[in-house]
file target01.cif (mmCIF, C-alpha atoms)
data_coords
#
loop_
_atom_site.label_atom_id
_atom_site.label_comp_id
_atom_site.auth_asym_id
_atom_site.auth_seq_id
_atom_site.Cartn_x
_atom_site.Cartn_y
_atom_site.Cartn_z
CA MET A 1 16.61 39.86 1.23
CA LYS A 2 19.49 37.38 1.51
CA ASP A 3 19.87 38.23 5.18
CA LEU A 4 16.22 37.50 5.71
CA PHE A 5 16.66 33.95 4.35
CA SER A 6 19.89 33.40 6.28
CA ASN A 7 18.55 34.68 9.57
CA SER A 8 15.11 33.11 9.37
CA VAL A 9 14.41 30.47 12.01
CA PHE A 10 12.00 28.54 9.82
CA PHE A 11 13.60 28.81 6.38
CA GLY A 12 15.77 25.69 6.72
CA VAL A 13 12.99 23.40 7.85
CA MET A 14 10.46 24.93 5.48
CA ILE A 15 12.62 24.51 2.38
CA SER A 16 13.47 20.91 3.39
CA VAL A 17 9.84 19.92 3.92
CA LEU A 18 8.67 21.71 0.76
CA ALA A 19 11.42 20.08 -1.30
CA TYR A 20 10.43 16.65 0.04
CA GLU A 21 6.77 17.31 -0.73
CA LEU A 22 7.79 18.30 -4.28
CA GLY A 23 9.61 14.97 -4.51
CA VAL A 24 6.51 13.09 -3.39
CA LEU A 25 4.39 14.89 -6.01
CA LEU A 26 6.91 14.23 -8.78
CA LYS A 27 7.10 10.57 -7.86
CA ARG A 28 3.34 10.24 -7.97
CA ARG A 29 3.20 11.97 -11.37
CA LEU A 30 6.13 10.31 -13.11
CA LYS A 31 6.42 6.96 -11.28
CA TRP A 32 10.16 6.67 -12.01
CA ALA A 33 12.38 5.02 -9.42
CA VAL A 34 14.89 7.87 -9.81
CA CYS A 35 12.19 10.26 -8.62
CA ASN A 36 12.93 9.34 -5.05
CA PRO A 37 11.48 12.02 -2.75
CA LEU A 38 14.58 12.07 -0.53
CA LEU A 39 16.96 12.34 -3.48
CA ILE A 40 14.88 15.10 -5.08
CA ALA A 41 14.60 16.97 -1.79
CA VAL A 42 18.38 16.93 -1.29
CA ILE A 43 19.06 18.18 -4.82
CA VAL A 44 16.36 20.86 -4.65
CA VAL A 45 17.67 22.17 -1.31
CA MET A 46 21.26 22.21 -2.62
CA LEU A 47 20.18 24.15 -5.72
CA THR A 48 18.04 26.57 -3.73
CA LEU A 49 20.91 27.35 -1.35
CA ALA A 50 23.27 27.85 -4.30
CA VAL A 51 20.86 30.11 -6.19
CA LEU A 52 19.99 32.24 -3.16
CA GLY A 53 23.63 32.30 -2.06
CA ILE A 54 22.90 30.94 1.41
CA ASP A 55 25.76 29.07 3.10
CA TYR A 56 25.29 25.64 4.62
CA GLU A 57 25.80 26.87 8.20
CA SER A 58 22.83 29.24 8.10
CA TYR A 59 20.64 26.58 6.49
CA GLN A 60 21.78 24.01 9.03
CA GLU A 61 20.96 26.32 11.94
CA GLY A 62 17.25 25.98 11.26
CA ALA A 63 17.27 22.57 9.58
CA GLN A 64 19.05 20.85 12.47
CA LEU A 65 15.66 20.64 14.15
CA LEU A 66 14.99 17.78 11.70
CA SER A 67 18.26 16.00 12.54
CA TYR A 68 17.48 16.45 16.22
CA LEU A 69 14.45 14.18 15.87
CA LEU A 70 16.55 11.35 14.45
CA THR A 71 17.41 9.79 17.82
CA PRO A 72 13.81 9.65 19.12
CA ALA A 73 12.69 8.34 15.70
CA THR A 74 15.32 5.58 15.77
CA VAL A 75 14.19 4.65 19.29
CA CYS A 76 10.66 4.34 17.90
CA LEU A 77 11.83 1.74 15.36
CA ALA A 78 11.43 -0.62 18.34
CA ILE A 79 7.64 -0.29 17.90
CA PRO A 80 7.27 -2.05 14.50
CA LEU A 81 9.94 -4.47 15.68
CA TYR A 82 7.87 -5.34 18.75
CA GLU A 83 4.74 -5.75 16.63
CA GLN A 84 6.56 -8.36 14.53
CA ILE A 85 8.34 -10.08 17.42
CA VAL A 86 6.58 -13.42 16.83
CA LEU A 87 7.77 -13.49 13.23
CA LEU A 88 11.22 -12.42 14.36
CA LYS A 89 11.53 -15.33 16.79
CA LYS A 90 10.15 -17.80 14.29
CA HIS A 91 12.69 -16.85 11.63
CA ALA A 92 15.61 -16.00 13.93
CA ARG A 93 17.95 -18.40 12.15
CA ALA A 94 17.24 -17.04 8.66
CA ILE A 95 17.48 -13.46 9.89
CA MET A 96 20.85 -13.99 11.61
CA ALA A 97 22.20 -15.84 8.56
CA GLY A 98 21.13 -12.94 6.32
CA LEU A 99 22.64 -10.30 8.59
CA VAL A 100 25.97 -12.07 9.11
CA SER A 101 26.32 -12.73 5.37
CA GLY A 102 25.42 -9.10 4.61
CA VAL A 103 28.04 -7.69 6.99
CA PHE A 104 30.72 -10.03 5.61
CA THR A 105 29.83 -9.17 2.02
CA SER A 106 30.15 -5.50 2.83
CA LEU A 107 33.57 -5.84 4.50
CA ILE A 108 34.97 -8.25 1.89
CA SER A 109 33.74 -6.26 -1.12
CA ILE A 110 35.28 -3.07 0.28
CA LEU A 111 38.59 -4.86 0.99
CA VAL A 112 38.77 -6.31 -2.53
CA MET A 113 37.89 -3.04 -4.26
CA ALA A 114 40.25 -1.04 -2.03
CA MET A 115 43.04 -3.39 -3.18
CA ILE A 116 42.03 -3.00 -6.84
CA PHE A 117 41.98 0.81 -6.66
CA GLY A 118 45.11 0.95 -4.51
CA PHE A 119 43.48 2.83 -1.62
CA SER A 120 45.63 3.84 1.34
CA HIS A 121 44.92 2.30 4.76
CA GLU A 122 43.29 5.58 5.77
CA GLU A 123 40.93 5.57 2.77
CA TYR A 124 40.16 1.88 3.28
CA VAL A 125 39.10 2.18 6.94
CA THR A 126 37.12 5.30 6.02
CA LEU A 127 34.94 3.14 3.79
CA LEU A 128 34.65 0.03 6.00
CA PRO A 129 31.58 1.23 7.98
CA LYS A 130 29.75 2.55 4.89
CA SER A 131 26.67 0.32 5.16
CA ILE A 132 25.81 1.04 8.80
CA THR A 133 23.95 3.84 10.49
CA THR A 134 25.78 7.21 10.58
CA ALA A 135 26.19 7.44 14.34
CA ILE A 136 27.84 3.99 14.68
CA GLY A 137 29.77 4.42 11.42
CA MET A 138 31.33 7.69 12.56
CA GLY A 139 32.55 6.06 15.75
CA VAL A 140 34.04 3.08 13.88
CA SER A 141 35.79 5.31 11.33
CA GLU A 142 37.24 7.54 14.05
CA GLU A 143 38.48 4.61 16.09
CA LEU A 144 40.19 2.95 13.11
CA GLY A 145 41.80 6.23 12.00
CA GLY A 146 39.58 7.03 9.01
CA ILE A 147 38.47 10.41 7.66
CA VAL A 148 35.15 10.94 9.43
CA THR A 149 33.67 13.57 7.06
CA ILE A 150 34.14 11.22 4.08
CA THR A 151 32.69 8.32 6.07
CA VAL A 152 29.55 10.34 6.79
CA ALA A 153 29.25 11.37 3.12
CA VAL A 154 29.67 7.79 1.89
CA ILE A 155 27.19 6.44 4.47
CA ILE A 156 24.53 8.91 3.36
CA VAL A 157 25.15 8.24 -0.34
CA THR A 158 24.97 4.48 0.38
CA GLY A 159 21.63 5.02 2.12
CA ILE A 160 20.19 7.02 -0.75
CA ILE A 161 21.45 4.52 -3.36
CA GLY A 162 19.84 1.66 -1.43
CA ASN A 163 16.62 3.62 -1.02
CA VAL A 164 16.46 4.37 -4.76
CA ILE A 165 17.53 1.02 -6.27
CA GLY A 166 16.19 -1.38 -3.61
CA GLU A 167 13.08 -2.44 -5.49
CA ALA A 168 15.02 -2.92 -8.75
CA VAL A 169 17.56 -5.15 -6.95
CA PHE A 170 14.71 -7.24 -5.51
CA ARG A 171 13.27 -7.80 -8.98
CA LEU A 172 16.67 -8.59 -10.48
CA PHE A 173 17.65 -11.12 -7.80
CA LYS A 174 14.12 -12.48 -7.30
CA ILE A 175 13.95 -11.52 -3.63
CA GLU A 176 10.27 -11.89 -2.78
CA GLU A 177 9.97 -12.72 0.93
CA PRO A 178 9.04 -9.62 2.96
CA ILE A 179 11.50 -10.63 5.70
CA ALA A 180 14.35 -11.00 3.18
CA LYS A 181 13.57 -7.59 1.64
CA GLY A 182 13.66 -5.92 5.03
CA ILE A 183 16.95 -7.55 6.03
CA ALA A 184 18.48 -6.64 2.65
CA LEU A 185 17.46 -2.96 2.84
CA GLY A 186 18.50 -2.54 6.46
CA SER A 187 21.86 -4.29 6.23
CA ALA A 188 22.85 -2.60 2.95
CA SER A 189 21.61 0.92 3.57
CA HIS A 190 20.75 1.37 7.27
CA ALA A 191 18.09 3.92 8.33
CA ILE A 192 17.64 5.54 4.91
CA GLY A 193 16.97 2.08 3.45
CA THR A 194 14.62 1.42 6.37
CA ALA A 195 12.58 4.46 5.36
CA LYS A 196 12.01 2.69 2.03
CA ALA A 197 11.27 -0.63 3.78
CA MET A 198 8.60 1.13 5.87
CA GLU A 199 6.98 2.28 2.61
CA ILE A 200 6.96 -1.26 1.19
CA GLY A 201 5.30 -2.87 4.20
CA GLU A 202 5.18 -3.45 7.96
CA ILE A 203 7.20 -6.68 7.98
CA GLU A 204 9.85 -5.18 5.70
CA GLY A 205 10.06 -2.12 7.95
CA ALA A 206 10.38 -4.13 11.15
CA MET A 207 13.10 -6.40 9.77
CA SER A 208 14.99 -3.45 8.35
CA SER A 209 14.87 -1.70 11.76
CA LEU A 210 16.33 -4.80 13.37
CA SER A 211 19.10 -4.85 10.75
CA ILE A 212 20.22 -1.31 11.58
CA ALA A 213 21.00 -2.33 15.15
CA VAL A 214 22.37 -5.86 14.56
CA ALA A 215 24.35 -5.12 11.37
CA GLY A 216 25.73 -2.02 13.08
CA LEU A 217 26.95 -4.00 16.09
CA LEU A 218 28.38 -6.84 13.93
CA THR A 219 30.26 -4.24 11.88
CA VAL A 220 31.82 -2.70 14.99
CA ILE A 221 33.48 -6.07 15.62
CA GLY A 222 34.03 -7.05 11.97
CA ALA A 223 35.57 -3.76 10.88
CA SER A 224 38.19 -3.81 13.63
CA VAL A 225 39.31 -7.27 12.38
CA PHE A 226 39.18 -6.27 8.70
CA ALA A 227 41.17 -3.08 9.36
CA GLN A 228 44.26 -5.31 9.83
CA PHE A 229 44.04 -6.65 6.26
CA LEU A 230 45.19 -3.60 4.30
CA MET B 231 -2.69 15.40 25.77
CA LYS B 232 -2.20 11.91 24.42
CA TYR B 233 0.62 12.96 22.07
CA VAL B 234 2.41 14.99 24.73
CA ARG B 235 2.59 11.99 27.06
CA GLN B 236 3.69 9.67 24.26
CA PHE B 237 6.39 12.09 23.12
CA ALA B 238 7.55 12.47 26.73
CA ILE B 239 8.00 8.70 27.06
CA ILE B 240 9.92 8.51 23.78
CA LEU B 241 12.20 11.38 24.82
CA ALA B 242 12.76 9.76 28.23
CA VAL B 243 13.91 6.52 26.57
CA SER B 244 16.15 8.53 24.21
CA PHE B 245 17.67 10.23 27.25
CA LEU B 246 18.29 6.88 28.97
CA GLY B 247 20.04 5.87 25.75
CA GLU B 248 22.31 8.89 26.13
CA VAL B 249 23.03 7.93 29.73
CA LEU B 250 24.05 4.40 28.66
CA LYS B 251 26.25 5.84 25.90
CA ALA B 252 28.04 7.98 28.47
CA LEU B 253 28.57 4.98 30.76
CA ILE B 254 29.63 2.35 28.19
CA PRO B 255 32.86 3.09 26.25
CA LEU B 256 31.84 1.59 22.87
CA PRO B 257 31.24 3.35 19.51
CA ILE B 258 27.50 2.75 19.81
CA PRO B 259 25.16 5.74 19.53
CA ALA B 260 22.48 6.68 22.06
CA SER B 261 19.78 5.89 19.50
CA ILE B 262 20.73 2.20 19.37
CA TYR B 263 20.77 1.85 23.17
CA GLY B 264 17.41 3.63 23.14
CA LEU B 265 16.02 1.24 20.52
CA VAL B 266 17.08 -1.80 22.58
CA LEU B 267 15.69 -0.23 25.78
CA MET B 268 12.38 0.56 24.10
CA LEU B 269 12.10 -2.96 22.70
CA ALA B 270 12.86 -4.47 26.12
CA ALA B 271 10.33 -2.16 27.82
CA LEU B 272 7.64 -3.16 25.29
CA CYS B 273 8.40 -6.88 25.61
CA LEU B 274 8.37 -6.72 29.42
CA LYS B 275 5.17 -4.60 29.30
CA VAL B 276 6.87 -1.86 31.30
CA ILE B 277 5.63 0.44 28.54
CA PRO B 278 2.35 -0.69 26.93
CA LEU B 279 2.29 -0.44 23.13
CA CYS B 280 -0.60 2.05 23.16
CA ALA B 281 1.46 4.45 25.32
CA VAL B 282 3.92 5.18 22.49
CA LYS B 283 2.35 3.89 19.29
CA ASP B 284 0.75 7.00 17.71
CA ALA B 285 3.59 9.43 18.34
CA GLY B 286 6.08 6.70 17.36
CA LYS B 287 4.38 5.98 14.05
CA PHE B 288 4.34 9.70 13.29
CA LEU B 289 8.07 10.02 13.96
CA ILE B 290 8.79 7.00 11.76
CA GLU B 291 6.64 8.41 8.98
CA ILE B 292 8.56 11.69 8.85
CA MET B 293 11.93 9.95 9.26
CA PRO B 294 13.11 10.43 5.63
CA LEU B 295 12.90 14.21 6.19
CA MET B 296 15.45 13.95 8.98
CA PHE B 297 18.21 12.86 6.59
CA ILE B 298 17.91 15.94 4.37
CA PRO B 299 20.15 18.32 6.40
CA ALA B 300 22.99 15.77 6.68
CA ALA B 301 22.74 14.88 2.99
CA VAL B 302 22.80 18.55 1.97
CA GLY B 303 25.97 18.73 4.10
CA LEU B 304 27.68 16.58 1.46
CA THR B 305 28.54 19.85 -0.27
CA GLN B 306 30.83 20.59 2.70
CA ALA B 307 32.84 17.37 2.24
CA TRP B 308 33.21 17.93 -1.51
CA GLY B 309 36.80 19.24 -1.31
CA ARG B 310 38.09 16.05 0.31
CA ILE B 311 36.07 13.68 -1.88
CA GLN B 312 36.87 15.21 -5.29
CA SER B 313 40.27 13.51 -5.74
CA ILE B 314 38.98 9.95 -5.25
CA LEU B 315 35.49 10.56 -6.62
CA ILE B 316 35.26 7.89 -9.34
CA PRO B 317 36.63 4.92 -7.32
CA LEU B 318 34.53 6.09 -4.37
CA ILE B 319 31.34 5.98 -6.44
CA ILE B 320 32.20 2.54 -7.86
CA VAL B 321 32.95 1.06 -4.43
CA THR B 322 29.78 2.56 -2.96
CA VAL B 323 27.42 1.40 -5.70
CA VAL B 324 28.91 -2.08 -6.17
CA SER B 325 29.12 -2.96 -2.49
CA THR B 326 25.61 -1.63 -1.76
CA VAL B 327 24.10 -3.79 -4.50
CA LEU B 328 26.18 -6.83 -3.44
CA VAL B 329 25.23 -6.55 0.23
CA MET B 330 21.57 -6.16 -0.62
CA ALA B 331 21.56 -9.12 -3.02
CA VAL B 332 23.52 -11.46 -0.74
CA SER B 333 21.74 -10.72 2.54
CA GLY B 334 18.35 -10.87 0.82
CA GLN B 335 19.10 -14.11 -1.02
CA VAL B 336 20.56 -15.82 2.06
CA THR B 337 17.62 -14.83 4.27
CA GLN B 338 15.15 -15.98 1.63
CA ALA B 339 16.97 -19.29 1.05
CA VAL B 340 16.98 -20.17 4.76
CA ILE B 341 13.31 -19.22 5.16
CA ARG B 342 12.31 -21.32 2.16
CA SER B 343 14.42 -24.32 3.16
CA GLY B 344 12.68 -24.29 6.55
CA ARG B 345 9.29 -24.01 4.89
CA SER B 346 9.69 -26.89 2.46
CA GLY B 347 10.78 -29.11 5.37
CA SER B 348 7.70 -28.47 7.51
CA ASP B 349 4.73 -28.97 5.16
CA GLN B 350 3.66 -26.08 2.90
CA LYS B 351 2.39 -23.81 5.65
CA GLY B 352 2.70 -20.87 3.27
CA SER B 353 3.85 -17.32 3.59
CA ASP B 354 3.66 -15.33 6.79
CA ARG B 355 1.70 -12.59 5.16
CA GLU B 356 -1.78 -14.11 5.24
CA SER B 357 -3.21 -12.50 2.10
CA SER B 358 -0.23 -13.00 -0.21
CA GLY B 359 0.34 -16.48 1.19
CA GLY B 360 -3.23 -17.44 0.38
CA LYS B 361 -2.96 -16.08 -3.11
CA GLU B 362 0.31 -17.88 -3.74
CA GLY B 363 -1.25 -21.14 -2.63
CA ARG B 364 -4.19 -20.68 -4.95
CA ASP B 365 -1.94 -19.78 -7.85
CA ARG B 366 -0.06 -22.99 -7.39
CA GLU B 367 -3.21 -25.07 -7.49
#
call {"tool": "encode", "arguments": {"input": "target01.cif", "output": "structure tokens"}}
result
Amino acid sequence: MKDLFSNSVFFGVMISVLAYELGVLLKRRLKWAVCNPLLIAVIVVMLTLAVLGIDYESYQEGAQLLSYLLTPATVCLAIPLYEQIVLLKKHARAIMAGLVSGVFTSLISILVMAMIFGFSHEEYVTLLPKSITTAIGMGVSEELGGIVTITVAVIIVTGIIGNVIGEAVFRLFKIEEPIAKGIALGSASHAIGTAKAMEIGEIEGAMSSLSIAVAGLLTVIGASVFAQFL
Amino acid sequence: MKYVRQFAIILAVSFLGEVLKALIPLPIPASIYGLVLMLAALCLKVIPLCAVKDAGKFLIEIMPLMFIPAAVGLTQAWGRIQSILIPLIIVTVVSTVLVMAVSGQVTQAVIRSGRSGSDQKGSDRESSGGKEGRDRE
């Protein structure tokens, strides 16, 4: 029976999609922010694998089909961006100000907290690219001498945190402009935050897509400067 | 056949992104080159919007699903994370909230300062802008 699950071509994708669907249903029923479909899906898949005794490699073999689509999907983020290009040009100054301030806040807050907790240089540069998209973040971490597996873990956790608490942060800090919400989600929690922005609205989604690319590129430059500081 | 052609175009742009990544020695992934290429192609009308829109919207809609395998992979990194778990969680949560609050506030402040300068033209989202205006009256 266990072999059947491990060897199945479709098991990995099926369990992932089912777990996500379960998350969507729970969210609709309970309406709690913690009932984030992505978060629930991840936990349900982890538990299922543990209970059935399936190792990550066999799950990943089937489930990687989903990861494979990530590049084409990211390319498609250009579509909502193009649809909002007029708005983008009109508010270019505000958008750039938001993105630059976001990237600086990320780098500075990590530097300060790394000093407080007495992190080593290696641990510090591992965390520097935490708010940008996985593929760029991995490259930055590797180049600065960080631990890439931890960088990937922290990037994904950052994305999920942003996705889950985004709307609460907007209420708390009175962020109401759709453009500002999109920039905030994208620059703090990259593509996983963008998935949330897409749910909130078209403008939010477009601005968040833009943030993934621009905040990512700004961080490539910023992180290499900040790496000298600790 | 519509979806096949749309998916083919999207994959072709993704592939061009990979080509650029191979040629340019920067830590920038193929997906970001692809995104910029796609945006340029749409702006220059090399690719008309209707040639990629439906398949593109579908891919974006199912995007959250694509993060599940990597996130489940966190269990693999557990051994290395365990020793610095608590500070790691604090840094991650605090900086995520800070970045979100600061970038959102700054963007909003600049938008609103521009708006108050050039007469109350209102929000960019027609419906909500209209409602806001009425509420104020």
call {"tool": "atom_distance", "arguments": {"input": "target01.cif", "atom1": "CA of Ala213 in chain A", "atom2": "CA of Met330 in chain B"}}
result
16.2 Å
call {"tool": "closest_atom_pairs", "arguments": {"input": "target01.cif", "of": "chain A", "to": "chain B", "cutoff": "7 Å", "atoms": "all atoms listed in the file", "output": "Markdown table"}}
result
| residue | atom | partner | partner_atom | distance |
| --- | --- | --- | --- | --- |
| A:Ser16 | CA | B:Ile298 | CA | 6.7 |
| A:Val17 | CA | B:Leu295 | CA | 6.9 |
| A:Leu38 | CA | B:Pro294 | CA | 6.5 |
| A:Val42 | CA | B:Val302 | CA | 5.7 |
| A:Met46 | CA | B:Val302 | CA | 6.1 |
| A:Tyr56 | CA | B:Gly303 | CA | 7.0 |
| A:Gln60 | CA | B:Pro299 | CA | 6.5 |
| A:Ala63 | CA | B:Pro299 | CA | 6.0 |
| A:Gln64 | CA | B:Pro299 | CA | 6.7 |
| A:Leu66 | CA | B:Met296 | CA | 4.7 |
| A:Ser67 | CA | B:Met296 | CA | 5.0 |
| A:Leu69 | CA | B:Met296 | CA | 7.0 |
| A:Leu70 | CA | B:Met296 | CA | 6.2 |
| A:Thr71 | CA | B:Ser261 | CA | 4.9 |
| A:Pro72 | CA | B:Ser244 | CA | 5.7 |
| A:Ala73 | CA | B:Leu289 | CA | 5.2 |
| A:Thr74 | CA | B:Ser261 | CA | 5.8 |
| A:Val75 | CA | B:Leu265 | CA | 4.1 |
| A:Cys76 | CA | B:Gly286 | CA | 5.2 |
| A:Leu77 | CA | B:Leu265 | CA | 6.7 |
| A:Ala78 | CA | B:Leu269 | CA | 5.0 |
| A:Ile79 | CA | B:Lys283 | CA | 6.9 |
| A:Tyr82 | CA | B:Leu269 | CA | 6.3 |
| A:His91 | CA | B:Ile341 | CA | 6.9 |
| A:Ala94 | CA | B:Thr337 | CA | 4.9 |
| A:Ile95 | CA | B:Thr337 | CA | 5.8 |
| A:Ala97 | CA | B:Thr337 | CA | 6.4 |
| A:Gly98 | CA | B:Ser333 | CA | 4.4 |
| A:Leu99 | CA | B:Ser333 | CA | 6.1 |
| A:Ser101 | CA | B:Ser333 | CA | 5.7 |
| A:Gly102 | CA | B:Ser333 | CA | 4.5 |
| A:Thr105 | CA | B:Val329 | CA | 5.6 |
| A:Ser106 | CA | B:Val329 | CA | 5.7 |
| A:Ser109 | CA | B:Ser325 | CA | 5.8 |
| A:Ile110 | CA | B:Val321 | CA | 6.7 |
| A:Met113 | CA | B:Val321 | CA | 6.4 |
| A:Phe117 | CA | B:Pro317 | CA | 6.8 |
| A:Ala135 | CA | B:Pro259 | CA | 5.6 |
| A:Ile136 | CA | B:Ile258 | CA | 5.3 |
| A:Gly139 | CA | B:Pro257 | CA | 4.8 |
| A:Val140 | CA | B:Pro257 | CA | 6.3 |
| A:Thr149 | CA | B:Ala307 | CA | 6.2 |
| A:Ile150 | CA | B:Ala307 | CA | 6.5 |
| A:Ala153 | CA | B:Leu304 | CA | 5.7 |
| A:Ile156 | CA | B:Ala301 | CA | 6.2 |
| A:Thr158 | CA | B:Thr322 | CA | 6.2 |
| A:Gly162 | CA | B:Thr326 | CA | 6.7 |
| A:Val169 | CA | B:Ala331 | CA | 6.9 |
| A:Phe173 | CA | B:Ala331 | CA | 6.5 |
| A:Ile175 | CA | B:Gly334 | CA | 6.3 |
| A:Glu177 | CA | B:Gln338 | CA | 6.2 |
| A:Ala180 | CA | B:Gly334 | CA | 4.6 |
| A:Lys181 | CA | B:Gly334 | CA | 5.9 |
| A:Ile183 | CA | B:Gly334 | CA | 6.3 |
| A:Ala184 | CA | B:Met330 | CA | 4.5 |
| A:Leu185 | CA | B:Met330 | CA | 6.3 |
| A:Ala188 | CA | B:Met330 | CA | 5.2 |
| A:Ile192 | CA | B:Pro294 | CA | 6.7 |
| A:Ala195 | CA | B:Pro294 | CA | 6.0 |
| A:Ala213 | CA | B:Ile262 | CA | 6.2 |
call {"tool": "atom_distance", "arguments": {"input": "target01.cif", "atom1": "CA of Glu199 in chain A", "atom2": "CA of Pro80 in chain A"}}
result
12.7 Å
call {"tool": "closest_residue", "arguments": {"input": "target01.cif", "among": "A:Phe11, A:Phe226, A:Tyr124, A:Tyr68", "to": "Ile54 in chain A", "atoms": "only C-alpha atoms"}}
result
A:Phe11
call {"tool": "axis_aligned_box", "arguments": {"input": "target01.cif", "around": "range 166-174 of chain A", "padding_each_side": "3 Å", "output": "lines of an AutoDock Vina configuration file"}}
result
center_x = 15.4
center_y = -6.9
center_z = -7.0
size_x = 10.6
size_y = 17.1
size_z = 12.9
call {"tool": "atom_distance", "arguments": {"input": "target01.cif", "atom1": "CA of Val45 in chain A", "atom2": "CA of Leu18 in chain A"}}
result
9.2 Å
call {"tool": "closest_residue", "arguments": {"input": "target01.cif", "among": "A:Ala92, A:Gly53, A:Phe10, A:Leu39", "to": "Leu22 in chain A", "atoms": "all atoms listed in the file"}}
result
A:Leu39
call {"tool": "residues_around", "arguments": {"input": "target01.cif", "residues": "Cys35 in chain A", "least_positions_apart": "6", "cutoff": "10 Å", "atoms": "only C-alpha atoms", "output": "list in words"}}
result
Gly23, Val24, Leu25, Leu26, Lys27, Arg28, Arg29, Ala41 and Val164 of chain A
call {"tool": "residues_near_point", "arguments": {"input": "target01.cif", "point": "(44.8, 3.3, 0.2)", "cutoff": "12 Å", "atoms": "only C-alpha atoms", "output": "number ranges by chain"}}
result
A: 110-127, 146, 227, 229-230; B: 314, 317-318
call {"tool": "build_atoms", "arguments": {"input": "target01.cif", "residues": "range 37-48 of chain A", "atoms": "N, CA, C and O atoms", "output": "PDB file, in the coordinates of the input"}}
result
ATOM      1  N   PRO A  37      11.725  10.753  -3.433  1.00  0.00           N
ATOM      2  CA  PRO A  37      11.480  12.020  -2.750  1.00  0.00           C
ATOM      3  C   PRO A  37      12.705  12.544  -1.975  1.00  0.00           C
ATOM      4  O   PRO A  37      13.006  13.736  -2.034  1.00  0.00           O
ATOM      5  N   LEU A  38      13.414  11.635  -1.309  1.00  0.00           N
ATOM      6  CA  LEU A  38      14.580  12.070  -0.530  1.00  0.00           C
ATOM      7  C   LEU A  38      15.660  12.646  -1.448  1.00  0.00           C
ATOM      8  O   LEU A  38      16.209  13.716  -1.193  1.00  0.00           O
ATOM      9  N   LEU A  39      15.937  11.916  -2.528  1.00  0.00           N
ATOM     10  CA  LEU A  39      16.960  12.340  -3.480  1.00  0.00           C
ATOM     11  C   LEU A  39      16.594  13.698  -4.083  1.00  0.00           C
ATOM     12  O   LEU A  39      17.419  14.612  -4.151  1.00  0.00           O
ATOM     13  N   ILE A  40      15.332  13.838  -4.492  1.00  0.00           N
ATOM     14  CA  ILE A  40      14.880  15.100  -5.080  1.00  0.00           C
ATOM     15  C   ILE A  40      14.985  16.224  -4.065  1.00  0.00           C
ATOM     16  O   ILE A  40      15.468  17.318  -4.369  1.00  0.00           O
ATOM     17  N   ALA A  41      14.559  15.945  -2.834  1.00  0.00           N
ATOM     18  CA  ALA A  41      14.600  16.970  -1.790  1.00  0.00           C
ATOM     19  C   ALA A  41      16.023  17.480  -1.587  1.00  0.00           C
ATOM     20  O   ALA A  41      16.254  18.682  -1.509  1.00  0.00           O
ATOM     21  N   VAL A  42      16.978  16.545  -1.525  1.00  0.00           N
ATOM     22  CA  VAL A  42      18.380  16.930  -1.290  1.00  0.00           C
ATOM     23  C   VAL A  42      18.882  17.817  -2.426  1.00  0.00           C
ATOM     24  O   VAL A  42      19.491  18.868  -2.199  1.00  0.00           O
ATOM     25  N   ILE A  43      18.596  17.404  -3.662  1.00  0.00           N
ATOM     26  CA  ILE A  43      19.060  18.180  -4.820  1.00  0.00           C
ATOM     27  C   ILE A  43      18.392  19.552  -4.850  1.00  0.00           C
ATOM     28  O   ILE A  43      19.049  20.574  -5.052  1.00  0.00           O
ATOM     29  N   VAL A  44      17.078  19.578  -4.610  1.00  0.00           N
ATOM     30  CA  VAL A  44      16.360  20.860  -4.650  1.00  0.00           C
ATOM     31  C   VAL A  44      16.893  21.816  -3.576  1.00  0.00           C
ATOM     32  O   VAL A  44      17.119  23.005  -3.841  1.00  0.00           O
ATOM     33  N   VAL A  45      17.141  21.304  -2.367  1.00  0.00           N
ATOM     34  CA  VAL A  45      17.670  22.170  -1.310  1.00  0.00           C
ATOM     35  C   VAL A  45      19.056  22.680  -1.682  1.00  0.00           C
ATOM     36  O   VAL A  45      19.349  23.865  -1.555  1.00  0.00           O
ATOM     37  N   MET A  46      19.917  21.789  -2.210  1.00  0.00           N
ATOM     38  CA  MET A  46      21.260  22.210  -2.620  1.00  0.00           C
ATOM     39  C   MET A  46      21.186  23.334  -3.651  1.00  0.00           C
ATOM     40  O   MET A  46      21.882  24.345  -3.549  1.00  0.00           O
ATOM     41  N   LEU A  47      20.322  23.142  -4.663  1.00  0.00           N
ATOM     42  CA  LEU A  47      20.180  24.150  -5.720  1.00  0.00           C
ATOM     43  C   LEU A  47      19.645  25.458  -5.152  1.00  0.00           C
ATOM     44  O   LEU A  47      20.152  26.542  -5.472  1.00  0.00           O
ATOM     45  N   THR A  48      18.626  25.361  -4.292  1.00  0.00           N
ATOM     46  CA  THR A  48      18.040  26.570  -3.730  1.00  0.00           C
ATOM     47  C   THR A  48      19.084  27.372  -2.951  1.00  0.00           C
ATOM     48  O   THR A  48      19.188  28.592  -3.093  1.00  0.00           O
TER      49      THR A  48
END
